[in-house]
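K.L.:
Data file coords.txt (compact mmCIF, C-alpha atoms) is appended below.
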# COMPACT_ATOMS: atom_id res chain seq x y z
CA MET A 1 0.00 0.00 0.00
CA GLY A 2 1.09 3.57 -0.61
CA LYS A 3 1.92 5.99 2.13
CA ASN A 4 -1.17 8.09 1.53
CA THR A 5 -3.88 6.06 -0.15
CA SER A 6 -5.86 8.82 -1.84
CA VAL A 7 -9.06 8.84 -3.86
CA LEU A 8 -10.34 11.64 -6.09
CA ILE A 9 -14.12 11.53 -6.55
CA ARG A 10 -15.56 13.71 -9.30
CA TYR A 11 -19.29 14.30 -9.23
CA SER A 12 -22.07 16.74 -9.94
CA ASN A 13 -24.21 17.90 -7.04
CA ALA A 14 -27.12 15.81 -8.32
CA ASN A 15 -25.00 12.77 -7.40
CA ARG A 16 -24.04 13.99 -3.97
CA TYR A 17 -25.76 11.13 -2.10
CA LYS A 18 -23.67 8.64 -4.08
CA PHE A 19 -20.55 10.72 -3.39
CA GLN A 20 -21.28 10.77 0.32
CA TRP A 21 -21.69 6.99 0.45
CA TYR A 22 -18.41 6.25 -1.28
CA ALA A 23 -16.58 8.94 0.69
CA GLU A 24 -17.73 7.53 4.03
CA PHE A 25 -16.90 3.95 3.06
CA LEU A 26 -13.42 4.93 1.91
CA ARG A 27 -12.81 6.86 5.14
CA PHE A 28 -14.00 3.78 7.05
CA ILE A 29 -11.16 1.74 5.49
CA GLY A 30 -8.56 4.45 6.01
CA TYR A 31 -8.29 6.28 2.69
CA PHE A 32 -7.97 10.01 2.08
CA VAL A 33 -10.86 11.37 -0.01
CA CYS A 34 -10.64 14.43 -2.25
CA GLU A 35 -13.98 15.93 -3.27
CA TYR A 36 -14.21 17.26 -6.83
CA LEU A 37 -17.57 19.05 -7.05
CA LYS A 38 -18.03 20.01 -10.68
CA GLU A 39 -20.19 23.03 -9.86
CA ASP A 40 -17.31 24.49 -7.78
CA ASN A 41 -14.91 26.55 -9.91
CA ASP A 42 -12.02 25.82 -7.53
CA SER A 43 -12.19 22.06 -8.06
CA TYR A 44 -10.07 22.21 -11.21
CA GLU A 45 -7.00 22.80 -9.00
CA LEU A 46 -7.29 19.16 -7.88
CA ASP A 47 -6.35 18.07 -11.41
CA GLU A 48 -2.75 19.06 -10.67
CA TYR A 49 -2.28 16.13 -8.27
CA ILE A 50 -1.87 12.36 -8.67
CA TYR A 51 -4.19 9.96 -6.83
CA ASP A 52 -4.19 6.22 -6.22
CA ILE A 53 -7.80 5.97 -7.40
CA GLU A 54 -9.88 8.36 -9.50
CA PHE A 55 -13.48 7.95 -10.55
CA ASP A 56 -16.34 10.03 -11.85
CA LEU A 57 -19.74 9.31 -10.35
CA ASP A 58 -21.47 10.93 -13.31
CA ASN A 59 -19.90 8.48 -15.77
CA ASP A 60 -18.31 5.44 -14.13
CA GLU A 61 -20.32 2.31 -13.44
CA LYS A 62 -20.46 0.83 -9.95
CA THR A 63 -18.34 -2.13 -11.06
CA GLU A 64 -15.63 0.19 -12.39
CA ILE A 65 -15.44 2.02 -9.08
CA TYR A 66 -15.38 -1.25 -7.16
CA ASP A 67 -12.62 -2.67 -9.37
CA GLY A 68 -10.63 0.51 -8.88
CA ILE A 69 -10.69 0.07 -5.11
CA LEU A 70 -9.84 -3.62 -5.46
CA GLY A 71 -6.89 -2.73 -7.66
CA VAL A 72 -5.37 -0.58 -4.96
CA LEU A 73 -5.95 -3.31 -2.40
CA GLY A 74 -3.94 -5.65 -4.58
CA LYS A 75 -6.59 -7.53 -6.51
CA PHE A 76 -4.05 -9.52 -8.46
CA LYS A 77 -2.06 -10.62 -5.39
CA GLY A 78 -4.64 -13.06 -4.11
CA ASN A 79 -8.28 -13.63 -3.22
CA GLU A 80 -7.78 -12.48 0.38
CA TYR A 81 -7.88 -8.86 -0.73
CA GLU A 82 -11.19 -9.18 -2.52
CA TYR A 83 -12.62 -11.19 0.35
CA GLU A 84 -11.58 -8.55 2.86
CA LEU A 85 -13.08 -5.68 0.89
CA ASN A 86 -16.36 -7.57 0.47
CA TYR A 87 -16.42 -8.34 4.18
CA LEU A 88 -15.77 -4.71 5.20
CA LYS A 89 -18.42 -3.50 2.76
CA LYS A 90 -20.87 -5.97 4.33
CA VAL A 91 -20.09 -4.67 7.84
CA PHE A 92 -20.43 -1.08 6.64
CA GLU A 93 -23.88 -1.79 5.22
CA ASN A 94 -25.22 -4.22 7.83
CA TYR A 95 -24.56 -1.84 10.73
CA ASN A 96 -25.79 1.31 8.96
CA LEU A 97 -22.35 2.88 9.27
CA PHE A 98 -23.02 5.30 6.44
CA GLN A 99 -25.96 6.79 8.33
CA ALA A 100 -24.05 6.61 11.61
CA ALA A 101 -21.01 8.40 10.17
CA VAL A 102 -22.92 11.30 8.64
CA THR A 103 -25.05 11.64 11.78
CA LEU A 104 -21.94 12.24 13.88
CA GLN A 105 -20.68 14.64 11.23
CA TYR A 106 -23.91 16.62 10.93
CA PHE A 107 -25.12 16.58 14.55
CA SER A 108 -22.28 17.00 17.02
CA ILE A 109 -24.74 17.33 19.89
CA ASN A 110 -26.35 15.39 22.72
CA SER A 111 -29.31 13.68 21.05
CA THR A 112 -30.93 10.27 20.71
CA VAL A 113 -29.88 10.02 17.06
CA THR A 114 -26.27 10.73 17.98
CA TYR A 115 -26.26 8.02 20.65
CA MET A 116 -27.89 5.57 18.21
CA ALA A 117 -25.06 6.25 15.74
CA GLY A 118 -22.53 5.37 18.43
CA LYS A 119 -24.31 2.10 19.22
CA TYR A 120 -24.07 1.06 15.57
CA PHE A 121 -20.35 1.75 15.58
CA LYS A 122 -19.95 -0.22 18.82
CA GLU A 123 -21.79 -3.21 17.34
CA ALA A 124 -19.65 -3.03 14.20
CA ALA A 125 -16.50 -2.88 16.35
CA ASN A 126 -17.64 -6.03 18.18
CA GLU A 127 -18.14 -7.79 14.84
CA LEU A 128 -14.71 -6.76 13.58
CA ASP A 129 -13.10 -7.79 16.86
CA ALA A 130 -14.60 -11.27 16.56
CA SER A 131 -13.28 -11.58 13.02
CA TYR A 132 -9.89 -10.26 14.07
CA LYS A 133 -9.54 -13.02 16.66
CA LYS A 134 -10.59 -15.60 14.09
CA TYR A 135 -7.95 -14.49 11.59
CA SER A 136 -5.28 -13.32 14.06
CA ASP A 137 -2.73 -15.79 12.69
CA THR A 138 -3.06 -14.50 9.12
CA ASN A 139 -1.77 -11.35 7.46
CA ILE A 140 -4.78 -9.13 8.14
CA LEU A 141 -4.57 -6.04 6.02
CA TYR A 142 -4.33 -2.36 6.83
CA GLU A 143 -7.95 -1.64 5.87
CA PHE A 144 -9.32 -4.19 8.33
CA ASN A 145 -7.22 -2.86 11.21
CA TYR A 146 -8.11 0.72 10.39
CA ALA A 147 -11.83 -0.07 10.32
CA ARG A 148 -11.63 -1.67 13.79
CA LEU A 149 -10.10 1.43 15.34
CA TYR A 150 -12.28 3.77 13.31
CA CYS A 151 -15.43 2.16 14.72
CA ARG A 152 -14.08 2.42 18.27
CA GLN A 153 -13.23 6.10 17.83
CA LYS A 154 -16.68 6.88 16.42
CA ALA A 155 -18.42 4.93 19.18
CA ASN A 156 -16.49 6.93 21.77
CA LEU A 157 -17.28 10.20 19.99
CA ALA A 158 -21.02 9.52 20.29
CA CYS A 159 -20.61 8.81 24.02
CA PHE A 160 -18.68 12.04 24.49
CA LEU A 161 -21.33 14.10 22.67
CA CYS A 162 -24.13 12.46 24.68
CA LYS A 163 -22.26 12.82 27.99
CA LYS A 164 -22.19 9.05 28.52
CA PRO A 165 -19.30 6.90 29.81
CA LEU A 166 -16.91 6.05 27.00
CA TYR A 167 -16.97 2.53 25.58
CA TYR A 168 -13.16 2.49 25.50
CA THR A 169 -10.59 4.43 27.50
CA GLU A 170 -8.68 7.01 25.48
CA ASN A 171 -5.34 5.61 26.60
CA GLU A 172 -6.38 2.12 25.52
CA LEU A 173 -7.37 3.33 22.06
CA GLY A 174 -4.32 5.57 21.80
CA SER A 175 -2.04 2.65 22.63
CA MET A 176 -3.76 0.43 20.05
CA CYS A 177 -3.46 3.14 17.41
CA SER A 178 0.23 3.76 18.15
CA GLN A 179 0.93 0.03 17.81
CA PHE A 180 -1.03 0.06 14.55
CA ALA A 181 1.18 2.90 13.28
CA ASP A 182 4.28 0.87 14.13
CA GLU A 183 2.93 -2.11 12.19
CA PHE A 184 2.07 0.02 9.14
CA PRO A 185 4.71 2.78 9.20
CA GLY A 186 3.85 4.09 5.73
CA GLU A 187 0.15 4.71 6.41
CA ASN A 188 -0.10 8.33 7.45
CA ASN A 189 -3.87 8.40 7.92
CA ILE A 190 -3.29 6.44 11.14
CA TYR A 191 -1.96 9.63 12.73
CA MET A 192 -5.13 11.44 11.72
CA LEU A 193 -7.10 8.70 13.48
CA LEU A 194 -4.84 8.99 16.54
CA GLY A 195 -5.63 12.69 16.74
CA LEU A 196 -9.36 11.98 16.49
CA ILE A 197 -9.10 9.51 19.38
CA PHE A 198 -7.71 12.23 21.66
CA GLU A 199 -9.34 15.41 20.27
CA ASN A 200 -12.20 15.57 22.81
CA SER A 201 -10.05 14.78 25.84
CA SER A 202 -9.05 17.76 27.97
CA ARG A 203 -6.24 15.67 29.49
CA ASN A 204 -4.89 14.59 26.11
CA LYS A 205 -5.41 17.76 24.10
CA MET A 206 -1.75 18.08 23.15
CA ASN A 207 -1.64 14.42 22.14
CA ALA A 208 -4.36 15.22 19.61
CA VAL A 209 -2.60 18.34 18.37
CA ASN A 210 0.73 16.53 18.04
CA ALA A 211 -0.87 13.59 16.19
CA PHE A 212 -2.56 15.91 13.71
CA ILE A 213 0.72 17.79 13.20
CA GLU A 214 2.51 14.48 12.60
CA ALA A 215 -0.11 13.58 9.98
CA LYS A 216 0.26 17.00 8.34
CA ASP A 217 4.05 16.76 8.17
CA ARG A 218 3.93 13.27 6.71
CA ILE A 219 1.33 14.13 4.08
CA GLY A 220 3.09 17.24 2.85
CA GLU A 221 1.54 19.31 0.08
CA GLU A 222 -1.24 16.96 -1.02
CA PRO A 223 -4.68 18.65 -1.15
CA TYR A 224 -6.23 16.37 1.48
CA VAL A 225 -3.87 17.86 4.07
CA SER A 226 -6.49 20.61 4.23
CA SER A 227 -8.69 18.34 6.37
CA VAL A 228 -5.82 17.70 8.77
CA LEU A 229 -5.10 21.42 9.07
CA TYR A 230 -8.75 22.03 9.86
CA LYS A 231 -8.53 19.46 12.66
CA ILE A 232 -5.42 21.14 14.04
CA GLY A 233 -7.35 24.41 14.19
CA LYS A 234 -10.33 22.79 15.90
CA ALA A 235 -8.11 21.05 18.46
CA CYS A 236 -6.49 24.38 19.35
CA GLU A 237 -9.74 26.28 19.89
CA GLY A 238 -10.12 27.58 23.42
CA GLU A 239 -6.38 27.25 24.11
CA GLU A 240 -5.00 30.78 24.34
CA ASN A 241 -1.39 29.63 24.10
CA LEU A 242 -2.24 27.83 20.85
CA ARG A 243 -4.16 30.69 19.22
CA TRP A 244 -1.31 31.35 16.78
CA LEU A 245 -1.33 27.71 15.71
CA MET A 246 -5.11 27.72 15.30
CA ASN A 247 -5.09 30.83 13.11
CA ASP A 248 -2.20 29.49 11.04
CA ALA A 249 -3.88 26.11 10.56
CA TYR A 250 -7.20 27.58 9.44
CA GLU A 251 -5.50 30.03 7.09
CA ASN A 252 -3.44 27.25 5.49
CA ALA A 253 -6.46 24.95 5.22
CA TYR A 254 -8.27 27.73 3.36
CA ASN A 255 -5.34 28.44 1.05
CA ILE A 256 -4.98 24.77 0.10
CA MET A 257 -8.67 23.99 -0.35
CA PRO A 258 -11.20 26.80 0.10
CA LYS A 259 -14.07 24.60 1.27
CA TYR A 260 -16.97 26.36 2.90
CA ARG A 261 -16.03 25.31 6.43
CA ASN A 262 -12.43 26.53 5.93
CA ILE A 263 -13.70 29.87 4.65
CA TYR A 264 -16.09 30.09 7.60
CA LYS A 265 -13.31 29.61 10.13
CA VAL A 266 -11.15 32.34 8.56
CA ALA A 267 -14.15 34.68 8.50
CA GLN A 268 -14.82 33.96 12.17
CA GLN A 269 -11.27 34.91 13.12
CA TYR A 270 -11.59 38.27 11.38
CA MET A 271 -14.96 38.87 13.04
CA LYS A 272 -13.46 38.19 16.47
CA MET A 273 -10.65 40.64 15.70
CA GLU A 274 -13.33 43.19 14.66
CA VAL A 275 -11.88 43.47 11.17
CA TYR A 276 -15.36 43.63 9.77
CA ASN A 277 -14.75 44.28 6.08
CA GLU A 278 -12.46 41.25 5.83
CA ALA A 279 -14.96 39.13 7.74
CA ILE A 280 -17.77 40.20 5.40
CA GLU A 281 -15.65 39.34 2.36
CA TYR A 282 -14.93 35.83 3.60
CA PHE A 283 -18.50 35.15 4.74
CA GLU A 284 -19.76 36.25 1.33
CA GLU A 285 -17.28 33.85 -0.26
CA CYS A 286 -18.68 31.15 2.00
CA LEU A 287 -22.18 31.95 0.74
CA CYS A 288 -20.97 31.47 -2.83
CA LYS A 289 -19.51 28.06 -1.98
CA LEU A 290 -22.75 26.95 -0.34
CA GLY A 291 -24.62 28.31 -3.35
CA ASN A 292 -23.02 25.57 -5.44
CA ARG A 293 -25.36 23.15 -3.66
CA THR A 294 -28.46 25.08 -4.80
CA ASP A 295 -31.57 23.13 -3.75
CA TYR A 296 -29.81 19.93 -2.69
CA MET A 297 -28.06 20.44 0.63
CA ASP A 298 -27.13 18.27 3.58
CA PRO A 299 -28.03 19.29 7.17
CA LEU A 300 -24.61 20.78 7.91
CA GLU A 301 -24.66 22.92 4.78
CA GLN A 302 -28.12 24.18 5.69
CA GLU A 303 -26.90 25.07 9.17
CA TYR A 304 -23.83 26.88 7.86
CA LEU A 305 -25.97 28.78 5.36
CA PHE A 306 -28.17 29.94 8.23
CA LYS A 307 -25.21 30.95 10.41
CA VAL A 308 -23.41 32.80 7.62
CA ASN A 309 -26.48 34.89 6.86
CA ALA A 310 -26.85 35.63 10.59
CA HIS A 311 -23.22 36.74 10.87
CA LEU A 312 -23.52 38.91 7.78
CA SER A 313 -26.61 40.58 9.23
CA TYR A 314 -24.68 41.40 12.41
CA LEU A 315 -21.62 42.63 10.49
CA SER A 316 -23.79 44.80 8.23
CA ILE A 317 -25.19 46.52 11.33
CA ARG A 318 -21.65 47.15 12.56
CA ASN A 319 -20.93 48.75 9.17
CA ASN A 320 -24.15 50.81 9.34
CA ASP A 321 -25.48 48.98 6.27
CA TYR A 322 -28.98 48.38 7.59
CA PHE A 323 -30.59 47.41 4.29
CA SER A 324 -28.09 44.55 3.90
CA ALA A 325 -28.64 43.58 7.54
CA VAL A 326 -32.36 43.17 6.88
CA GLU A 327 -31.70 41.21 3.69
CA TYR A 328 -29.31 38.73 5.30
CA ALA A 329 -31.53 38.24 8.35
CA GLY A 330 -34.50 37.69 6.06
CA ASN A 331 -32.56 35.08 4.09
CA ALA A 332 -31.82 33.17 7.30
CA LYS A 333 -35.47 33.18 8.37
CA LYS A 334 -36.64 32.15 4.89
CA LEU A 335 -34.19 29.24 4.91
CA LYS A 336 -35.52 27.92 8.20
CA GLN A 337 -39.11 28.35 7.07
CA ARG A 338 -38.38 26.50 3.84
CA ILE A 339 -37.02 23.54 5.80
CA LYS A 340 -40.18 23.56 7.94
CA ASP A 341 -42.50 23.79 4.94
CA ASP A 342 -40.77 20.86 3.20
CA ILE A 343 -40.51 18.61 6.25
CA ASP A 344 -42.85 15.98 4.75
CA ASP A 345 -41.71 16.35 1.14
CA LYS A 346 -39.36 13.52 0.21
CA ASP A 347 -38.51 15.20 -3.09
CA GLY A 348 -38.23 18.77 -1.83
CA PHE A 349 -35.53 20.84 -0.19
CA ASN A 350 -34.99 18.16 2.49
CA ARG A 351 -34.54 15.36 -0.04
CA PHE A 352 -31.07 14.49 1.23
CA TYR A 353 -32.46 13.64 4.70
CA TYR A 354 -34.90 11.16 3.20
CA GLU A 355 -32.27 9.61 0.93
CA VAL A 356 -29.90 9.05 3.85
CA TYR A 357 -32.30 8.11 6.64
CA GLY A 358 -35.32 6.73 4.78
CA ASN A 359 -35.99 3.03 5.33
CA THR A 360 -33.84 2.96 8.47
CA GLU A 361 -34.55 3.01 12.21
CA TRP A 362 -33.95 6.75 12.27
CA ASN A 363 -36.99 9.04 12.20
CA VAL A 364 -36.49 11.56 9.39
CA GLU A 365 -38.81 14.21 10.82
CA GLU A 366 -37.09 13.96 14.21
CA ILE A 367 -33.74 14.57 12.53
CA ILE A 368 -35.05 17.55 10.56
CA ASN A 369 -36.46 19.02 13.78
CA ILE A 370 -33.05 18.65 15.42
CA GLU A 371 -31.64 20.72 12.59
CA LEU A 372 -34.38 23.33 12.94
CA ASN A 373 -33.74 23.63 16.69
CA ARG A 374 -30.09 24.37 15.97
CA MET A 375 -31.13 27.41 13.92
CA ALA A 376 -31.79 29.86 16.75
CA GLU A 377 -33.72 32.93 15.59
CA ASP A 378 -33.30 35.08 18.72
CA ASN A 379 -30.23 36.88 17.39
CA ILE A 380 -31.80 37.17 13.94
CA ASP A 381 -34.80 38.99 15.40
CA GLN A 382 -32.51 41.26 17.41
CA TYR A 383 -30.59 42.16 14.27
CA LEU A 384 -33.81 42.87 12.38
CA GLY A 385 -35.12 45.00 15.22
CA THR A 386 -31.88 46.97 15.45
CA ALA A 387 -31.68 47.47 11.68
CA TYR A 388 -35.28 48.68 11.35
CA HIS A 389 -34.86 50.96 14.37
CA ASN A 390 -31.78 52.58 12.86
CA MET A 391 -33.65 52.99 9.59
CA GLY A 392 -36.30 54.97 11.46
CA LEU A 393 -38.90 52.21 11.18
CA ASP A 394 -39.62 51.77 14.88
CA ASP A 395 -43.11 50.33 14.32
CA ILE A 396 -41.67 47.41 12.36
CA ALA A 397 -38.82 47.00 14.83
CA THR A 398 -41.21 46.86 17.80
CA LYS A 399 -43.49 44.38 16.06
CA ILE A 400 -40.58 42.04 15.29
CA LEU A 401 -39.21 42.18 18.82
CA ASN A 402 -42.62 41.70 20.41
CA THR A 403 -43.37 38.73 18.15
CA ALA A 404 -40.00 37.19 19.05
CA GLU A 405 -40.85 37.36 22.76
Can you present the structure in this file as structure tokens?
P.N.:
Amino acid sequence: MGKNTSVLIRYSNANRYKFQWYAEFLRFIGYFVCEYLKEDNDSYELDEYIYDIEFDLDNDEKTEIYDGILGVLGKFKGNEYEYELNYLKKVFENYNLFQAAVTLQYFSINSTVTYMAGKYFKEAANELDASYKKYSDTNILYEFNYARLYCRQKANLACFLCKKPLYYTENELGSMCSQFADEFPGENNIYMLLGLIFENSSRNKMNAVNAFIEAKDRIGEEPYVSSVLYKIGKACEGEENLRWLMNDAYENAYNIMPKYRNIYKVAQQYMKMEVYNEAIEYFEECLCKLGNRTDYMDPLEQEYLFKVNAHLSYLSIRNNDYFSAVEYAGNAKKLKQRIKDDIDDKDGFNRFYYEVYGNTEWNVEEIINIELNRMAEDNIDQYLGTAYHNMGLDDIATKILNTAE
């Protein structure tokens, strides 16, 4: 296996469900995924790099994609590789790990759906452990070992978010991951996983930071290092002595791959420093990125779209641009209302929810309501009231504020 097993997935937004499935499965087996969204003008920069696997979801057949993954595993070296991939795919599907993975990505909160996601990962870890013992005398491959630890880390993450006792101690997992790195010294994604194991531990914060830095240094200039830099920034948040590292990491993540979440973090830093014009510029860039998703967005994109409009409303008030403040606040409220109005429409604005969670134990409406509850309108109403007041429209301002109460 190569040192950084990387996959470039090209797709149009209409195929984003398919992209998400393949991306989560590939992350489950320890591969780096590069997202090439054709509607995003910045994606062409990814063509400058070389990847272990490349496929186009708009053109390639499922068998072609599958064979491409098998080829990297070493399809022509023996049947064990194909057997292992089929087995891992079966575990991924049988335990709803796609739904569990995106749930933890979209809803990093204490909720029943988050805890359910963790239980699926724990059950999958148990299955993989049983298989590991069965085949412990054979040359079990990197992907199998990575999946075992990945499931443990995700199970623990759900416990942390739901304020429950962890399934596994952090030191236990950290020790297992370090041993794994020794056994597969060329696989740099293991250090990313090691950082994820420690990232929510106040006692092991620096272990997380150091693991992410190790992953970054080993990866070098490849585009997927952007995700590692983002994690470095997140791990440093709230640590005053690491503020410089946080700012540097977010800035570099943005420069390498200007994804919407990278842009958002840079914008936030400028807003905190009260450099409002720069913050507005970056938040508007973030809006453009999210606009590439048009009417087909996942829960996290919807939430970011709401937050960006809220921030721009606030910043417009600080710049005495009250008309823009009203417009941005109105966009945020319209977004939330649109999600509400389409809550039962499987083919509407919330289509992605139904595609991911339909025909599973998860309740789609419950999940949409979790998303709606995360879109707090209190600040939005305050911004509207302030903007209308400063425009001399006190009647409208008073009505908005009274309605909000």
K.L.:
If you take all atoms listed in the file and a cut-off of 8 Å, which residues of region 26-119 of chain A touch region 148-172 of chain A, and what are their nearest atom pairs and distances in Å to one decimal, in chain and number order, as CSV?
P.N.:
residue,atom,partner,partner_atom,distance
A:Phe28,CA,A:Tyr150,CA,6.5
A:Ala101,CA,A:Lys154,CA,7.8
A:Leu104,CA,A:Ala158,CA,7.0
A:Ser108,CA,A:Leu161,CA,6.4
A:Ile109,CA,A:Leu161,CA,5.5
A:Asn110,CA,A:Cys162,CA,4.2
A:Ser111,CA,A:Cys162,CA,6.4
A:Thr114,CA,A:Ala158,CA,5.9
A:Tyr115,CA,A:Ala158,CA,5.5
A:Ala117,CA,A:Ala158,CA,6.9
A:Gly118,CA,A:Ala155,CA,4.2
A:Lys119,CA,A:Ala155,CA,6.5
K.L.:
So which residues touch Ile368 (chain A) within 9 Å, counting all atoms listed in the file, skipping near sequence neighbours fewer than 3 positions away, as a PDB file with C-alpha atoms, keeping the file's coordinate frame?
P.N.:
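part.pdb, written as the output of this step:
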ATOM      1  CA  PRO A 299     -28.030  19.290   7.170  1.00  0.00           C
ATOM      2  CA  ILE A 339     -37.020  23.540   5.800  1.00  0.00           C
ATOM      3  CA  LYS A 340     -40.180  23.560   7.940  1.00  0.00           C
ATOM      4  CA  ILE A 343     -40.510  18.610   6.250  1.00  0.00           C
ATOM      5  CA  ASN A 350     -34.990  18.160   2.490  1.00  0.00           C
ATOM      6  CA  TYR A 353     -32.460  13.640   4.700  1.00  0.00           C
ATOM      7  CA  ASN A 363     -36.990   9.040  12.200  1.00  0.00           C
ATOM      8  CA  VAL A 364     -36.490  11.560   9.390  1.00  0.00           C
ATOM      9  CA  GLU A 365     -38.810  14.210  10.820  1.00  0.00           C
ATOM     10  CA  GLU A 371     -31.640  20.720  12.590  1.00  0.00           C
ATOM     11  CA  LEU A 372     -34.380  23.330  12.940  1.00  0.00           C
ATOM     12  CA  ASN A 373     -33.740  23.630  16.690  1.00  0.00           C
TER      13      ASN A 373
END
K.L.:
Which residue is closest to Asn309 (chain A)? Choose from A:Gln269, A:Met375, A:Lys89, A:Met257 and count only C-alpha atoms.
P.N.:
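Distance minimum relative to Asn309 (chain A) lands on A:Met375.
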K.L.:
Rounded to one decimal in Å, what is the spacing between CA of Glu123 (chain A) and CA of Gln99 (chain A)?
P.N.:
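Answer for the CA of Glu123 (chain A) to CA of Gln99 (chain A) separation: 14.1 Å.
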K.L.:
Could you state the separation of CA of Ser175 (chain A) and CA of Ala235 (chain A) in Å, given to one decimal place?
P.N.:
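It comes out at 19.8 Å.
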K.L.:
Suppose you want the space between CA of Glu187 (chain A) and CA of Asn145 (chain A); what is it in Å?
P.N.:
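If I compute the distance from CA of Glu187 (chain A) to CA of Asn145 (chain A), I get 11.6 Å.
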K.L.:
Within 8 Å of Leu193 (chain A), counting only C-alpha atoms, which residues qualify if same-chain residues fewer than 3 places away don't, as a short mmCIF file (atom, residue, chain, number, x, y, z; two decimals) with C-alpha atoms, keeping the file's coordinate frame?
P.N.:
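Output (out.cif):
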data_model
loop_
_atom_site.label_atom_id
_atom_site.label_comp_id
_atom_site.auth_asym_id
_atom_site.auth_seq_id
_atom_site.Cartn_x
_atom_site.Cartn_y
_atom_site.Cartn_z
CA TYR A 150 -12.28 3.77 13.31
CA GLN A 153 -13.23 6.10 17.83
CA CYS A 177 -3.46 3.14 17.41
CA ASN A 189 -3.87 8.40 7.92
CA ILE A 190 -3.29 6.44 11.14
CA LEU A 196 -9.36 11.98 16.49
CA ILE A 197 -9.10 9.51 19.38
#
K.L.:
Using only C-alpha atoms, which residues sit within 7 Å of region 95-97 of chain A once same-chain residues fewer than 3 positions away are excluded, as a count of residues only?
P.N.:
7
K.L.:
Determine, counting all atoms listed in the file, which protein, DNA and RNA residues have an atom within 12 Å of an atom of Ala208 (chain A); residues of the same chain fewer than 3 positions away are not included. Present the result as JSON, numbers by chain.
P.N.:
{"A": [170, 171, 174, 191, 192, 193, 194, 195, 196, 197, 198, 199, 200, 201, 202, 203, 204, 205, 211, 212, 213, 214, 215, 228, 231, 232, 233, 234, 235, 236]}
K.L.:
Limited to C-alpha atoms, could you put the picked residues into a file as a PDB file, in the coordinates of the input?
P.N.:
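Output contents, as saved in result_7.pdb:
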ATOM      1  CA  GLU A 170      -8.680   7.010  25.480  1.00  0.00           C
ATOM      2  CA  ASN A 171      -5.340   5.610  26.600  1.00  0.00           C
ATOM      3  CA  GLY A 174      -4.320   5.570  21.800  1.00  0.00           C
ATOM      4  CA  TYR A 191      -1.960   9.630  12.730  1.00  0.00           C
ATOM      5  CA  MET A 192      -5.130  11.440  11.720  1.00  0.00           C
ATOM      6  CA  LEU A 193      -7.100   8.700  13.480  1.00  0.00           C
ATOM      7  CA  LEU A 194      -4.840   8.990  16.540  1.00  0.00           C
ATOM      8  CA  GLY A 195      -5.630  12.690  16.740  1.00  0.00           C
ATOM      9  CA  LEU A 196      -9.360  11.980  16.490  1.00  0.00           C
ATOM     10  CA  ILE A 197      -9.100   9.510  19.380  1.00  0.00           C
ATOM     11  CA  PHE A 198      -7.710  12.230  21.660  1.00  0.00           C
ATOM     12  CA  GLU A 199      -9.340  15.410  20.270  1.00  0.00           C
ATOM     13  CA  ASN A 200     -12.200  15.570  22.810  1.00  0.00           C
ATOM     14  CA  SER A 201     -10.050  14.780  25.840  1.00  0.00           C
ATOM     15  CA  SER A 202      -9.050  17.760  27.970  1.00  0.00           C
ATOM     16  CA  ARG A 203      -6.240  15.670  29.490  1.00  0.00           C
ATOM     17  CA  ASN A 204      -4.890  14.590  26.110  1.00  0.00           C
ATOM     18  CA  LYS A 205      -5.410  17.760  24.100  1.00  0.00           C
ATOM     19  CA  ALA A 211      -0.870  13.590  16.190  1.00  0.00           C
ATOM     20  CA  PHE A 212      -2.560  15.910  13.710  1.00  0.00           C
ATOM     21  CA  ILE A 213       0.720  17.790  13.200  1.00  0.00           C
ATOM     22  CA  GLU A 214       2.510  14.480  12.600  1.00  0.00           C
ATOM     23  CA  ALA A 215      -0.110  13.580   9.980  1.00  0.00           C
ATOM     24  CA  VAL A 228      -5.820  17.700   8.770  1.00  0.00           C
ATOM     25  CA  LYS A 231      -8.530  19.460  12.660  1.00  0.00           C
ATOM     26  CA  ILE A 232      -5.420  21.140  14.040  1.00  0.00           C
ATOM     27  CA  GLY A 233      -7.350  24.410  14.190  1.00  0.00           C
ATOM     28  CA  LYS A 234     -10.330  22.790  15.900  1.00  0.00           C
ATOM     29  CA  ALA A 235      -8.110  21.050  18.460  1.00  0.00           C
ATOM     30  CA  CYS A 236      -6.490  24.380  19.350  1.00  0.00           C
TER      31      CYS A 236
END
K.L.:
My list of candidates is A:Ala23, A:Asn41, A:Gly68, A:Glu183. Which is closest to Gly291 (chain A) when distances are computed with all atoms listed in the file?
P.N.:
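For Gly291 (chain A), the nearest of the candidates is A:Asn41.
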K.L.:
Within 12 Å of Arg351 (chain A), counting only C-alpha atoms, which residues show up once you throw out same-chain ones fewer than 3 positions away? Write them as a list of chain:residue names, please.
P.N.:
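Non-adjacent residues within range: A:Ala14, A:Arg16, A:Tyr17, A:Asp295, A:Tyr296, A:Met297, A:Asp298, A:Pro299, A:Ile339, A:Asp342, A:Ile343, A:Asp344, A:Asp345, A:Lys346, A:Asp347, A:Gly348, A:Tyr354, A:Glu355, A:Val356, A:Tyr357, A:Gly358, A:Val364, A:Glu365, A:Ile368.
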K.L.:
Need the neighbours of (-8.1, 15.0, -1.5): which residues are at most 7 Å away, counting only C-alpha atoms, as JSON, numbers by chain?
P.N.:
{"A": [6, 7, 8, 32, 33, 34, 35, 223, 224]}
K.L.:
Could you tell me which of A:Ile256, A:Ile317, A:Ile370, A:Ala147 comes closest to Asn126 (chain A) if we count all atoms listed in the file?
P.N.:
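The closest residue to Asn126 (chain A) is A:Ala147.
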K.L.:
For Arg293 (chain A), which residue out of A:Glu54, A:Tyr49, A:Phe352, A:Glu24 is the nearest one, using all atoms listed in the file?
P.N.:
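Looking only at the distances to Arg293 (chain A), the closest residue turns out to be A:Phe352.
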